[in-house]
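File shown: data-v6.tsv (TSV, C-alpha atoms).
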chain	number	residue	atom	x	y	z
E	224	MET	CA	111.08	140.70	102.63
E	225	MET	CA	110.81	138.41	105.68
E	226	LYS	CA	114.39	137.21	105.18
E	227	ASN	CA	115.65	140.81	105.08
E	228	ILE	CA	113.81	141.70	108.28
E	229	PHE	CA	115.33	138.87	110.29
E	230	THR	CA	118.77	139.46	108.79
E	231	LEU	CA	118.51	143.02	110.10
E	232	ILE	CA	117.43	141.78	113.55
E	233	GLY	CA	120.37	139.37	113.62
E	234	GLY	CA	122.74	142.21	112.73
E	235	LEU	CA	121.36	144.37	115.53
E	236	LEU	CA	121.82	141.48	117.96
E	237	LEU	CA	125.49	141.22	117.00
E	238	VAL	CA	125.94	144.97	117.46
E	239	PHE	CA	124.40	144.82	120.96
E	240	ILE	CA	126.69	141.94	121.98
E	241	LEU	CA	129.83	143.64	120.68
E	242	ALA	CA	128.85	146.91	122.31
E	243	GLY	CA	128.44	145.12	125.64
E	244	ALA	CA	131.84	143.40	125.48
E	245	PRO	CA	133.78	146.21	127.24
E	246	ALA	CA	131.30	146.24	130.10
E	247	LEU	CA	131.57	142.47	130.41
E	248	ALA	CA	135.36	142.63	130.58
E	249	GLY	CA	135.24	145.36	133.19
E	250	GLU	CA	132.84	143.63	135.54
E	251	ALA	CA	134.20	140.11	135.22
E	252	GLY	CA	137.36	141.07	137.15
E	253	GLY	CA	135.46	142.06	140.29
E	254	VAL	CA	132.63	139.52	140.39
E	255	LYS	CA	132.87	135.75	140.64
E	256	TRP	CA	131.38	133.92	137.67
E	257	THR	CA	129.76	131.48	140.09
E	258	ASP	CA	127.61	134.39	141.33
E	259	ARG	CA	126.36	134.92	137.78
E	260	ILE	CA	125.36	131.30	137.07
E	261	THR	CA	122.22	129.47	138.22
E	262	LEU	CA	121.84	125.72	137.71
E	263	SER	CA	118.52	123.88	137.53
E	264	GLY	CA	117.31	120.57	136.21
E	265	LYS	CA	115.50	117.30	136.71
E	266	ILE	CA	115.99	113.54	136.65
E	267	GLU	CA	113.00	111.36	135.75
E	268	LEU	CA	112.99	107.57	136.24
E	269	GLU	CA	109.99	105.66	134.90
E	270	ALA	CA	108.45	102.21	135.00
E	271	GLY	CA	105.73	101.61	132.43
E	272	PHE	CA	103.25	98.99	131.30
E	273	GLU	CA	101.36	99.22	127.99
E	274	SER	CA	98.58	97.05	126.60
E	275	THR	CA	97.42	97.48	123.00
E	276	ASP	CA	94.01	96.43	121.65
E	277	PRO	CA	93.96	96.84	117.84
E	278	ALA	CA	90.68	96.71	115.91
E	279	GLU	CA	92.19	93.88	113.85
E	280	GLY	CA	94.69	91.27	114.99
E	281	ASP	CA	96.07	90.46	118.40
E	282	GLY	CA	97.10	92.95	121.03
E	283	GLU	CA	100.44	93.09	122.81
E	284	ASP	CA	101.57	93.75	126.38
E	285	THR	CA	104.92	95.41	127.03
E	286	SER	CA	106.73	96.83	130.05
E	287	ASP	CA	109.94	98.77	130.56
E	288	LEU	CA	112.21	100.60	132.99
E	289	SER	CA	113.90	103.75	131.75
E	290	VAL	CA	115.75	106.92	132.57
E	291	ALA	CA	113.02	108.89	130.84
E	292	ALA	CA	114.71	112.30	130.90
E	293	VAL	CA	117.60	114.21	132.41
E	294	ASP	CA	117.74	118.00	132.01
E	295	LEU	CA	120.46	120.39	133.10
E	296	GLY	CA	119.67	124.08	132.73
E	297	ILE	CA	122.24	126.86	133.01
E	298	ASP	CA	121.15	130.50	133.33
E	299	ILE	CA	123.88	133.09	133.02
E	300	LYS	CA	123.57	136.75	134.00
E	301	VAL	CA	126.34	138.26	131.87
E	302	VAL	CA	125.80	141.97	132.63
E	303	ASP	CA	122.73	144.10	133.18
E	304	HIS	CA	120.29	143.53	130.29
E	305	VAL	CA	122.24	140.56	128.84
E	306	SER	CA	121.60	136.94	129.84
E	307	GLY	CA	122.10	133.46	128.46
E	308	HIS	CA	120.10	130.25	128.83
E	309	VAL	CA	121.25	126.71	127.96
E	310	VAL	CA	119.53	123.35	128.55
E	311	PHE	CA	121.25	120.00	128.00
E	312	GLU	CA	118.85	117.08	127.70
E	313	TYR	CA	119.13	113.31	127.72
E	314	VAL	CA	116.14	111.19	126.72
E	315	ASP	CA	116.09	107.41	127.22
E	316	ASP	CA	118.82	105.71	125.11
E	317	GLU	CA	119.51	108.82	123.02
E	318	ASP	CA	122.52	111.12	122.87
E	319	VAL	CA	122.80	114.18	125.08
E	320	VAL	CA	121.68	117.19	123.05
E	321	VAL	CA	121.57	120.96	123.48
E	322	ASP	CA	117.82	121.33	123.85
E	323	GLU	CA	117.89	125.12	124.27
E	324	ALA	CA	120.62	127.74	123.82
E	325	ALA	CA	119.71	131.41	123.64
E	326	VAL	CA	120.90	134.94	124.37
E	327	THR	CA	118.42	137.55	125.63
E	328	LEU	CA	118.77	141.33	125.57
E	329	ASP	CA	116.24	143.23	127.68
E	330	GLY	CA	115.42	146.80	128.52
E	331	GLY	CA	114.90	146.22	132.23
E	332	ASP	CA	112.29	148.18	134.20
E	333	ARG	CA	112.55	151.30	132.05
E	334	LEU	CA	111.86	149.56	128.73
E	335	PRO	CA	109.83	146.34	129.04
E	336	LEU	CA	111.08	144.90	125.74
E	337	PHE	CA	113.33	141.93	125.02
E	338	LEU	CA	115.06	140.23	122.12
E	339	THR	CA	115.92	136.53	122.31
E	340	ALA	CA	117.93	134.70	119.67
E	341	GLY	CA	118.96	131.05	119.62
E	342	LYS	CA	117.48	127.55	119.85
E	343	ILE	CA	114.16	127.96	121.65
E	344	TYR	CA	110.66	126.55	121.86
E	345	VAL	CA	108.86	129.20	119.86
E	346	PRO	CA	105.87	130.70	121.73
E	347	PHE	CA	103.10	128.96	119.83
E	348	GLY	CA	100.86	127.14	122.29
E	349	ARG	CA	101.35	126.79	126.05
E	350	PHE	CA	101.03	122.99	126.65
E	351	ASP	CA	100.55	123.18	130.43
E	352	THR	CA	99.81	119.81	132.02
E	353	GLN	CA	99.74	118.05	135.38
E	354	MET	CA	100.38	114.64	133.81
E	355	ILE	CA	103.50	112.60	133.10
E	356	SER	CA	102.68	112.24	129.40
E	357	ASP	CA	102.72	115.21	127.04
E	358	PRO	CA	99.30	116.55	125.99
E	359	LEU	CA	98.09	115.97	122.43
E	360	THR	CA	98.19	119.72	121.84
E	361	GLU	CA	101.96	119.55	122.36
E	362	ASP	CA	102.35	116.62	119.95
E	363	VAL	CA	100.47	118.53	117.25
E	364	GLY	CA	101.83	122.05	117.80
E	365	GLU	CA	105.16	122.38	119.65
E	366	SER	CA	108.12	123.68	117.59
E	367	ARG	CA	111.75	123.92	118.73
E	368	GLU	CA	113.77	126.00	116.32
E	369	THR	CA	116.72	128.36	116.03
E	370	ALA	CA	114.71	131.57	116.03
E	371	VAL	CA	114.65	135.29	116.74
E	372	GLN	CA	111.93	136.50	119.10
E	373	VAL	CA	111.08	140.12	119.95
E	374	GLY	CA	108.56	140.80	122.70
E	375	PHE	CA	107.35	142.73	125.72
E	376	ALA	CA	106.02	142.08	129.23
E	377	ALA	CA	104.42	144.81	131.34
E	378	GLY	CA	101.55	145.07	133.82
E	379	GLY	CA	100.53	141.45	133.39
E	380	ALA	CA	100.33	141.72	129.61
E	381	TYR	CA	102.87	140.00	127.37
E	382	GLY	CA	103.41	139.24	123.72
E	383	SER	CA	106.00	138.60	121.05
E	384	VAL	CA	106.66	137.95	117.37
E	385	PHE	CA	109.15	135.39	116.11
E	386	GLY	CA	110.71	134.06	112.93
E	387	PHE	CA	112.85	131.08	111.93
E	388	ASN	CA	113.94	128.81	109.09
E	389	GLY	CA	111.69	125.77	109.44
E	390	ASP	CA	112.48	122.10	108.84
E	391	VAL	CA	109.45	121.46	106.59
E	392	ASN	CA	109.46	123.37	103.29
E	393	GLU	CA	106.87	123.95	100.59
E	394	THR	CA	107.25	122.17	97.26
E	395	ASP	CA	106.55	125.36	95.29
E	396	GLY	CA	109.04	127.49	97.17
E	397	GLY	CA	111.22	125.07	99.04
E	398	ASP	CA	114.33	127.21	99.26
E	399	ASP	CA	116.17	127.03	102.56
E	400	GLN	CA	115.19	130.43	103.94
E	401	ILE	CA	113.70	132.28	106.90
E	402	ASP	CA	110.02	132.14	106.01
E	403	ASN	CA	108.37	130.75	109.15
E	404	PHE	CA	106.90	133.22	111.62
E	405	GLY	CA	104.29	133.69	114.30
E	406	ALA	CA	103.06	135.78	117.20
E	407	CYS	CA	101.53	135.39	120.64
E	408	ALA	CA	99.78	137.60	123.20
E	409	GLY	CA	98.47	136.95	126.68
E	410	TYR	CA	97.62	138.30	130.10
E	411	THR	CA	98.27	137.12	133.66
E	412	LEU	CA	96.25	138.17	136.69
E	413	GLU	CA	96.73	137.37	140.38
E	414	ALA	CA	94.25	138.30	143.10
E	415	GLY	CA	94.67	136.53	146.42
E	416	ALA	CA	94.08	132.79	146.00
E	417	PHE	CA	92.99	133.30	142.37
E	418	SER	CA	95.29	133.52	139.37
E	419	ILE	CA	94.91	133.04	135.62
E	420	ASP	CA	97.18	133.06	132.60
E	421	ALA	CA	95.35	133.20	129.27
E	422	GLY	CA	96.38	133.98	125.72
E	423	MET	CA	96.43	133.07	122.07
E	424	SER	CA	99.06	132.43	119.41
E	425	TYR	CA	99.54	132.07	115.65
E	426	ILE	CA	102.08	130.27	113.47
E	427	ASN	CA	102.24	130.22	109.67
E	428	ASN	CA	103.24	126.53	109.43
E	429	LEU	CA	101.71	124.21	112.01
E	430	VAL	CA	103.20	121.12	110.33
E	431	ASP	CA	106.73	122.25	111.28
E	432	ALA	CA	106.00	121.07	114.85
E	433	GLY	CA	108.27	118.31	116.13
E	434	GLY	CA	105.40	115.83	116.55
E	435	TRP	CA	105.02	115.69	112.76
E	436	ALA	CA	108.64	114.70	112.02
E	437	ASP	CA	108.27	110.92	112.36
E	438	ILE	CA	104.91	111.02	110.55
E	439	ILE	CA	106.36	112.87	107.56
E	440	ASP	CA	109.39	110.56	107.41
E	441	GLY	CA	107.41	107.37	107.96
E	442	GLU	CA	104.72	108.14	105.38
E	443	LYS	CA	107.19	109.88	103.04
E	444	LEU	CA	105.00	112.97	102.90
E	445	VAL	CA	105.89	116.21	101.09
E	446	LEU	CA	104.11	119.39	102.15
E	447	ASP	CA	102.69	121.29	99.17
E	448	SER	CA	102.09	124.60	100.98
E	449	TYR	CA	102.29	125.94	104.51
E	450	VAL	CA	99.20	125.59	106.68
E	451	ALA	CA	98.75	128.18	109.42
E	452	GLY	CA	97.63	127.33	112.92
E	453	ILE	CA	96.08	129.17	115.85
E	454	GLY	CA	95.94	128.32	119.52
E	455	VAL	CA	94.15	129.56	122.63
E	456	TYR	CA	94.90	128.59	126.22
E	457	ALA	CA	94.09	129.36	129.83
E	458	THR	CA	95.48	128.05	133.10
E	459	GLY	CA	93.71	129.09	136.30
E	460	HIS	CA	94.20	128.47	140.01
E	461	VAL	CA	91.51	128.91	142.67
E	462	GLY	CA	92.93	127.88	146.01
E	463	PRO	CA	93.84	124.17	145.73
E	464	VAL	CA	92.10	123.74	142.37
E	465	THR	CA	93.91	124.03	139.02
E	466	VAL	CA	92.08	124.14	135.69
E	467	ILE	CA	93.86	123.90	132.32
E	468	GLY	CA	92.33	124.35	128.89
E	469	GLU	CA	93.95	124.58	125.45
E	470	TYR	CA	92.79	124.32	121.84
E	471	ILE	CA	94.93	124.27	118.66
E	472	ARG	CA	93.64	124.19	115.10
E	473	ALA	CA	94.92	124.40	111.55
E	474	LEU	CA	93.29	127.23	109.59
E	475	ASP	CA	93.26	125.31	106.31
E	476	ASP	CA	93.35	121.75	105.03
E	477	ILE	CA	96.83	120.22	104.93
E	478	GLU	CA	97.88	119.63	101.31
E	479	TRP	CA	100.48	116.97	100.50
E	480	ALA	CA	102.18	116.64	97.10
E	481	ASP	CA	101.86	113.08	95.75
E	482	GLY	CA	104.99	113.25	93.56
E	483	ASN	CA	103.01	113.08	90.33
E	484	GLY	CA	101.84	116.66	90.18
E	485	GLY	CA	98.72	115.87	92.22
E	486	ILE	CA	97.60	116.92	95.68
E	487	THR	CA	96.07	114.93	98.54
E	488	ASN	CA	94.21	116.75	101.30
E	489	ASP	CA	93.86	116.18	105.02
E	490	ASP	CA	91.00	118.07	106.64
E	491	LYS	CA	91.87	120.80	109.14
E	492	ILE	CA	93.44	119.09	112.14
E	493	ALA	CA	92.58	120.21	115.67
E	494	ALA	CA	93.72	119.17	119.14
E	495	TRP	CA	92.60	120.04	122.65
E	496	ASN	CA	93.41	119.40	126.29
E	497	ALA	CA	91.20	119.92	129.36
E	498	GLU	CA	92.45	119.13	132.86
E	499	VAL	CA	91.44	119.69	136.44
E	500	GLY	CA	93.67	119.12	139.46
E	501	TYR	CA	93.22	119.27	143.22
E	502	SER	CA	96.05	119.71	145.72
E	503	VAL	CA	95.69	118.46	149.28
E	504	THR	CA	97.99	117.55	152.16
E	505	LEU	CA	97.76	113.87	153.11
E	506	ALA	CA	99.84	112.44	155.95
E	507	GLY	CA	101.91	115.62	155.87
E	508	ARG	CA	102.77	115.32	152.18
E	509	GLU	CA	101.48	117.46	149.32
E	510	THR	CA	99.37	115.32	147.00
E	511	ILE	CA	97.91	116.34	143.63
E	512	PHE	CA	95.02	114.47	142.02
E	513	ALA	CA	94.47	115.30	138.35
E	514	ALA	CA	92.17	114.14	135.56
E	515	GLY	CA	92.03	115.14	131.93
E	516	TYR	CA	90.33	114.62	128.60
E	517	GLN	CA	92.21	115.25	125.37
E	518	GLY	CA	91.41	114.69	121.74
E	519	THR	CA	91.96	115.46	118.07
E	520	ASP	CA	89.86	115.96	114.96
E	521	ASN	CA	90.96	114.82	111.49
E	522	ALA	CA	94.19	113.24	112.75
E	523	ARG	CA	93.78	110.08	110.62
E	524	ASN	CA	95.19	107.76	113.33
E	525	ARG	CA	98.43	109.73	113.44
E	526	PHE	CA	97.39	110.94	116.90
E	527	PRO	CA	94.74	109.51	119.26
E	528	GLU	CA	91.19	110.67	118.61
E	529	SER	CA	90.36	110.55	122.33
E	530	ARG	CA	92.51	110.31	125.44
E	531	TYR	CA	91.39	109.84	129.04
E	532	VAL	CA	94.14	110.39	131.57
E	533	GLY	CA	94.48	110.61	135.32
E	534	SER	CA	97.35	110.93	137.78
E	535	VAL	CA	98.25	111.08	141.45
E	536	GLY	CA	101.47	112.82	142.46
E	537	VAL	CA	102.97	112.84	145.97
E	538	GLY	CA	105.84	114.98	147.22
E	539	ILE	CA	107.61	112.23	149.14
E	540	TYR	CA	110.57	114.48	150.02
E	541	THR	CA	111.60	118.05	149.24
E	542	HIS	CA	111.90	118.44	145.44
E	543	THR	CA	111.17	114.70	145.08
E	544	ILE	CA	107.89	113.61	143.48
E	545	LEU	CA	106.41	110.16	142.93
E	546	THR	CA	103.62	110.12	140.32
E	547	LEU	CA	101.34	107.36	139.03
E	548	GLU	CA	99.48	107.91	135.74
E	549	TYR	CA	96.86	105.95	133.82
E	550	CYS	CA	96.24	106.81	130.15
E	551	HIS	CA	93.65	105.35	127.75
E	552	ASN	CA	93.86	106.18	124.03
E	553	GLU	CA	91.26	105.55	121.33
E	554	PHE	CA	92.01	106.01	117.63
E	555	GLU	CA	89.82	106.79	114.63
E	556	ASN	CA	90.23	103.22	113.31
E	557	ASP	CA	89.03	101.79	116.68
E	558	ASP	CA	92.51	100.81	117.88
E	559	LYS	CA	92.93	101.27	121.63
E	560	ASP	CA	95.78	101.21	124.10
E	561	ASP	CA	96.20	101.55	127.85
E	562	THR	CA	99.33	102.71	129.65
E	563	VAL	CA	100.23	102.77	133.33
E	564	THR	CA	103.35	104.77	134.24
E	565	ALA	CA	105.09	105.32	137.57
E	566	GLN	CA	107.61	108.14	137.67
E	567	LEU	CA	110.13	109.15	140.32
E	568	ALA	CA	111.42	112.67	139.67
E	569	ILE	CA	113.83	114.97	141.45
E	570	LEU	CA	113.86	118.67	140.64
E	571	PHE	CA	116.64	121.07	141.47

Could you render the structure as structure tokens?
Amino acid sequence: MMKNIFTLIGGLLLVFILAGAPALAGEAGGVKWTDRITLSGKIELEAGFESTDPAEGDGEDTSDLSVAAVDLGIDIKVVDHVSGHVVFEYVDDEDVVVDEAAVTLDGGDRLPLFLTAGKIYVPFGRFDTQMISDPLTEDVGESRETAVQVGFAAGGAYGSVFGFNGDVNETDGGDDQIDNFGACAGYTLEAGAFSIDAGMSYINNLVDAGGWADIIDGEKLVLDSYVAGIGVYATGHVGPVTVIGEYIRALDDIEWADGNGGITNDDKIAAWNAEVGYSVTLAGRETIFAAGYQGTDNARNRFPESRYVGSVGVGIYTHTILTLEYCHNEFENDDKDDTVTAQLAILF
């Protein structure tokens, strides 16, 4: 049933694109393509020092310099109601990849609906942060997939449903098919110096998130059945103060097939992130101080049990930010590590 629904949506998408082709041909002759394209991106250079303190054995100190990330985003306004979005990404010592590539059809002001199809970060979780490092909620819950998303945005309210063919299949129904899905809903409000964006989301297979890939490969795990996840989040601003809160949780135990017809269980995993930031002008430069506490339950040392993190970011020039971050991780088995990272980033 789910496969048939998304096959139908894909067919409708193709019809919309073909129907818009004559309009595209007609307008392209009178408008420069450069007026239809917007470029954006970032370059992040990092210097890092890490010290590990395992519960058993000797620790290790390491340091490194890296081009941590380079992103180039291209937004294309094809015609009214049709747009494209592509992001090329380079991460330290890896190949350049197409991180995002999607086409969006929208109804404009008259019909506040949209359909997006392509490689996207599906809207489960929000993962806002003021830090250099990704929050633990992102490690546990973020999924990038080739998906179809249908949604709306009107009067501050927004929401969508989405479906895709996941990378992690069930042992009892492991056919390669479109059987992953989810939904999200939220609301944004602005009133003078106060603003808030809050919402919740659902996904039917939390373990399909990218942060699980190395764990599944490294431990040679096989998922017995999908485990759904829910998430709630809120990001608020009151003048110079920013507060971020997010919580993600599996709805059931995670069941792994042991290869001999048996099942091993992991208790319901959960992850959270709480941050507060304060923005102030020092010596004529915008400076943001931020502190956060993150953690997980039932992660079995795959993710830190507790994380204490703080950062100071200074806008040294226009669109140029220098940030210093300290991060302390503690694991369930009493392993610990400390990381200090300095990042120079330009945004355009």

* Could you tell me which of E:Thr458, E:Gln400, E:Thr360, E:Ser383 comes closest to Ala432 (chain E) if we count all atoms listed in the file? => E:Thr360

Any chance you could work out the axis-aligned box around region 379-396 of chain E, listed atoms only, 6 Å on each side, giving centre and edge lengths in Å to one decimal, as lines of an AutoDock Vina configuration file?
center_x = 107.1
center_y = 131.6
center_z = 114.3
size_x = 25.6
size_y = 32.3
size_z = 50.1

* Structure fact -> Between CA of Glu269 (chain E) and CA of Ala291 (chain E) lies a distance of 6.0 Å

* **CA of Thr369 (chain E) to CA of His304 (chain E), straight-line distance in Å** =>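 We find that CA of His304 (chain E) and CA of Thr369 (chain E) lie 21.1 Å from each other.
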
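What separates CA of Asn524 (chain E) from CA of Thr487 (chain E) is a distance of 16.5 Å.
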
* Neighbours of Ala408 (chain E) within 6 Å (only C-alpha atoms; same-chain residues fewer than 5 positions away dropped), as a list in words? -> Tyr381, Gly382, Gly422 and Met423 of chain E

Dump C-alpha atoms for the selected residues as a compact mmCIF listing (two decimals), in the coordinates of the input?
# COMPACT_ATOMS: atom_id res chain seq x y z
CA TYR E 381 102.87 140.00 127.37
CA GLY E 382 103.41 139.24 123.72
CA GLY E 422 96.38 133.98 125.72
CA MET E 423 96.43 133.07 122.07

Show me a table, sorted first by chain and then by increasing residue number, of the residues of region 249-283 of chain E having an atom at most 12 Å from region 306-326 of chain E, each with its shortest atom pair and the distance in Å to one decimal, counting only C-alpha atoms and written as a tab-separated table.
residue	atom	partner	partner_atom	distance
E:Arg259	CA	E:Ser306	CA	9.5
E:Ile260	CA	E:Gly307	CA	9.5
E:Thr261	CA	E:His308	CA	9.7
E:Leu262	CA	E:Val310	CA	9.7
E:Ser263	CA	E:Val310	CA	9.1
E:Gly264	CA	E:Val310	CA	8.4
E:Lys265	CA	E:Glu312	CA	9.6
E:Ile266	CA	E:Tyr313	CA	9.5
E:Glu267	CA	E:Val314	CA	9.6
E:Leu268	CA	E:Asp315	CA	9.5
E:Glu269	CA	E:Asp315	CA	10.0

* **Among the residues E:Phe375, E:Tyr425, E:Trp479, E:Tyr470, the one that comes closest to Ser448 (chain E) [using all atoms listed in the file]** => E:Trp479

* To do: Mind checking which residues fall within 8 Å of region 489-506 of chain E, counting only C-alpha atoms, ignoring those fewer than 4 positions away in the same chain, and posting them as a PyMOL selection string?
  => chain E and resi 352-353+358-360+363+463-478+510-522

* Using all atoms listed in the file, which residues sit within 10 Å of Ala406 (chain E) once same-chain residues fewer than 4 positions away are excluded, as a list in words? ->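 In the requested form, the answer reads Val345, Pro346, Phe347, Gln372, Val373, Gly374, Gly382, Ser383, Val384, Phe385, Gly386, Met423, Ser424, Tyr425, Ile426, Asn427 and Ile453 of chain E.
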